[in-house]
Structures are given as structure tokens and as C-alpha cells.
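S.K.: Below: one structure in C-alpha cells.
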Amino acid sequence: MSGTIRIHNVDYPVDVRAELEDYGWTRDNWTNPRRFQASSPFRYDKNPSFFVDTDESSEYFGCWSDSAADDPEWRSGNFTKLLAFLRNETYAEAAEYLALKYGEQPEDDALPLRTKKLPNLAQEYRPIALSTLERYKRAEACPYLTGRCVSADVQRMMRVGYDAERKAVVIPWFNADGTLGNVKFRKVAEKTFWYTKGGRPIREMLYGIDIVYRRNVTRACIVEAEIDAMTLMSAGMAAIATGGATFTEDKRRLIVQSPLEEIVIVRDNDRAGRRWRNEIYEALRKDIRISFATIPVVPLSVKDPNEYAQAYGVGALRAVLLRRLRPIATLRGGLCDMM
């Protein structure tokens with residue numbers, strides 16, 4: 001039996017261990033049933049100083065601690081905050097995910113009469129002025145991203161900025177029509193991130209979809225993270241990103257209504273990545289041509305396109321994806337180049 005996690009004053013029987021197992025961990029230890037321990041997911045951590053309370057009888061069930069964290073904001077927190085980080089989404093979206101997955105479902109006979117009512121967890125969305133990005137604009141490319149194989153040209157195209165005060169890369173998320181939907185801030189010295197308040201929920205967006213419309217792209221790779229999409233763009237490939245290992249109906253609709261005629265799914269090398277790939281395939285297989293391309297795990301244990309590019313270069317990344325392309329149906333040509 002699962003312990004409970006409180007969300008918006010409602011207790012949900014969350015399977016914390018099952019949720020944690022979906023993600024790749026470093027130096028993880030699962031032997032203690034009351035405590036999961038691993039290297040911190042929030043920073044570059046050589047020692048396992050991070051733990052999650054998995055004792056279902058504990059009042060701190062699901063809470064986590066990172067004893068060596070420099071940022072007090074990320075030294076401890078509840079399970080929803082951790083899951084929001086792992087799923088690369090806002091706190092409200094992670095809370096909604098848990099409520100939907102673990103909340104009581106109505107009886108089948110009652111479904112036509114009523115639908116499950118969830119607490120209103122998300123902030124109200126309002127358009128973000130493009131002028132918001134001006135304070136983060138810089139003439140030169142961000143060294144952090146350049147060092148991670150994202151070219152200066154791609155950074156300019158995606159209007160990446162830098163928050164000098166908080167030492168964070170600024171990654172704008174644009175709507176299909178080119179308006180600004182949300183802004184992600186990602187610290188350069190750690191792995192922590194946050195989104196601007198009041199922005200459009202990431203579950204309703206696709207990173208790079210504005211480029212698809214602007215350049216009338218008909219074939220593109222789809223990946224999880226923005227940096228993976230920018231890495232593929234730097235390798236000369238069109239790419240969009242879901243912003244985490246979650247694929248929603250809103251994201252499906254954005255793809256179906258776009259100029260895209262084919263997508264190439266490039267998953268992360270972990271359990272969550274396999275589930276993400278399967279969700280996308282099931283959601284889109286009747287609407288669009290689908291192919292798969294995988295990142296080799298050996299000789300180095302790499303998780304995603306960006307890690308592969310850092311290890312071998314963007315040219316090698318492009319070559320390996322073309323070589324490992326597996327179409328569901330016969331393709332006319334290879335991956336779509338950025339023109």
C-alpha cells in the first residue's frame with residue numbers, strides 16, 4: 001500500500017518508489033525500503049548526498065533532502081517539487097499529474113453524467129510581452145551553451161539570453177504564432193531551473209514549434225529537452241522538444257495542425273524515455289509518419305543527444321542518428337535539414 005502525498009489539502013496514495021524508478025539516477029541505492037539515496041539530481045554531485053523518504057508510515061513520506069546543496073531553495077522539499085524537476089515542468093503541472101494519476105476515479109456508469117473535478121492548481125495564463133526578453137539579451141553567445149555544443153547561430157535563432165544576477169540561461173518558449181508563451185531559467189552551475197510566473201503551461205506547448213511554422217518544416221526530430229533540440233539544430237537537423245518526458249493532447253494537436261508530415265522520435269536512454277517514446281507513437285501513429293532514431297549507450301554511457309554531442313561532437317551525433325534511423329514506413333530521404 002502506498003503512503004499519501006498532500007496536494008491542495010487532499011491526500012493522494014502516491015507510489016513514490018515507482019515514480020522515482022522512471023528516471024535515471026547516479027550512484028543510486030534502493031536497498032533501504034525506507035530511504036532512497038542517490039547523487040543529487042539538482043547539481044553535479046560525485047557523492048550520494050541526496051535522499052527521499054520512502055517510509056510509507058512517515059509524516060515526511062516523499063520529502064527529500066540534499067545535504068550538500070549550496071542553494072537553500074534546493075536543500076529540501078516535498079515530492080511534488082522533486083517530480084516537477086524530474087518531469088521538467090511547473091509545480092502546478094506536477095501536482096495536476098499526481099492528482100489525475102492517483103485520485104479516485106468515478107465509476108464507469110457515472111462517466112457520462114459527470115467528470116472528475118480537480119482543484120484549480122495551475123496559474124492563469126496571460127500573454128508575455130516580448131520586451132521581457134530585452135533585459136536578458138546579450139551580443140555574444142552564452143559560453144555555457146556553446147560549451148555544451150549549442151552553436152551561436154542556434155542560440156540567436158532561439159533568442160536565448162542570460163540572467164547575470166541569477167547566473168541562469170534564459171530559454172524562451174514561443175507559441176506557434178511566434179508570441180512568447182513562457183520563459184525557462186536554468187542555472188549554469190547547477191541543474192536547477194524555474195519558469196516565469198503566469199506563463200503558459202509547458203504541457204500546452206512544444207519548444208521550437210514556431211520555427212516549424214516560420215520555415216515550413218515538414219520533417220523534424222522530437223526530443224525531451226530544449227538543449228537536446230538546440231543540439232540537433234546545431235548539427236543541422238530540425239527539432240522540437242516536449243520539455244520533459246510527458247506527451248499531452250495539446251502537444252499532439254500542435255504537431256497534427258503544423259506543417260510537419262513526419263517526426264523522428266529520439267528518446268532518452270532511460271525508462272522514462274521509453275515510456276515517452278511509446279506515448280508519442282500511440283498518440284500520433286494515425287496522424288503522421290513516424291520514425292525512430294536511437295542514441296548508442298556504449299562505449300560511453302550517454303543518456304541523450306546533448307551528452308552524445310559533448311562526448312563525440314555534433315557531426316558524430318548527426319551521423320549516428322542517420323545511421324540508426326528506423327522508419328515505420330518507407331521514407332523519402334533522411335532527416336530534415338535546417339535550411
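By order in the C-alpha cells, chains are A, B, ...; within a chain, residues start at 1; ligands start at 1, following the order shown.
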Just want the 8 Å neighbourhood of Arg271 in chain A, counted on only C-alpha atoms, with same-chain residues fewer than 6 positions away dropped. Output as a PyMOL selection string.
M.R.: chain A and resi 21-24
S.K.: Could you turn the residues from that selection into a file that holds N, CA, C and O atoms, as a PDB file, in the first residue's frame?
M.R.:
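Contents of selection-v3.pdb, freshly written:
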ATOM      1  N   GLU A  21      11.555   5.395  -9.979  1.00  0.00           N
ATOM      2  CA  GLU A  21      12.198   4.400 -10.839  1.00  0.00           C
ATOM      3  C   GLU A  21      12.120   4.755 -12.318  1.00  0.00           C
ATOM      4  O   GLU A  21      12.845   4.190 -13.134  1.00  0.00           O
ATOM      5  N   ASP A  22      11.255   5.689 -12.672  1.00  0.00           N
ATOM      6  CA  ASP A  22      11.117   6.077 -14.075  1.00  0.00           C
ATOM      7  C   ASP A  22      12.303   6.885 -14.582  1.00  0.00           C
ATOM      8  O   ASP A  22      12.459   7.067 -15.790  1.00  0.00           O
ATOM      9  N   TYR A  23      13.141   7.380 -13.682  1.00  0.00           N
ATOM     10  CA  TYR A  23      14.182   8.318 -14.084  1.00  0.00           C
ATOM     11  C   TYR A  23      15.574   7.755 -13.825  1.00  0.00           C
ATOM     12  O   TYR A  23      15.780   6.930 -12.939  1.00  0.00           O
ATOM     13  N   GLY A  24      16.522   8.222 -14.626  1.00  0.00           N
ATOM     14  CA  GLY A  24      17.899   7.772 -14.485  1.00  0.00           C
ATOM     15  C   GLY A  24      18.573   8.454 -13.300  1.00  0.00           C
ATOM     16  O   GLY A  24      18.517   9.677 -13.169  1.00  0.00           O
TER      17      GLY A  24
END
S.K.: Skipping near chain neighbours, those fewer than 3 positions away, what residues fall within 9 Å of range 277-290 of chain A using only C-alpha atoms, listed as JSON, numbers by chain?
M.R.: {"A": [245, 246, 247, 248, 249, 252, 255, 256, 260, 261, 262, 263, 264, 265, 266, 267, 268, 272, 273, 274, 327, 328, 329, 331]}
S.K.: Please, what distance in Å, to one decimal, runs between CA of Pro259 in chain A and CA of Ala239 in chain A?
M.R.: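 Taking CA of Pro259 in chain A and CA of Ala239 in chain A, their separation equals 13.2 Å.
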S.K.: Quick one: pull the distance between CA of Asp45 in chain A and CA of Pro72 in chain A, Å, one decimal.
M.R.: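 Straight-line distance from CA of Asp45 in chain A to CA of Pro72 in chain A works out to 16.0 Å.
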S.K.: Would you kindly return, as a PyMOL selection string, each protein, DNA or RNA residue with an atom no farther than 6 Å from any atom of Arg87 in chain A, considering only C-alpha atoms and excluding same-chain residues fewer than 3 positions away?
M.R.: chain A and resi 83-84+244-245
S.K.: Which residue gives the smallest distance to Leu86 in chain A among A:Ser151, A:Thr4, A:Thr242, A:Thr192, with only C-alpha atoms counted?
M.R.: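 Of A:Ser151, A:Thr4, A:Thr242, A:Thr192, the one nearest Leu86 in chain A, counting only C-alpha atoms, is A:Thr192.
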S.K.: Can you tell me which residues surround Ala176 in chain A at a distance of at most 12 Å, considering only C-alpha atoms, apart from same-chain residues fewer than 5 positions away, and format the answer as a VMD selection string?
M.R.: chain A and resid 181 204 to 216 240 251 253 to 255 257 to 259
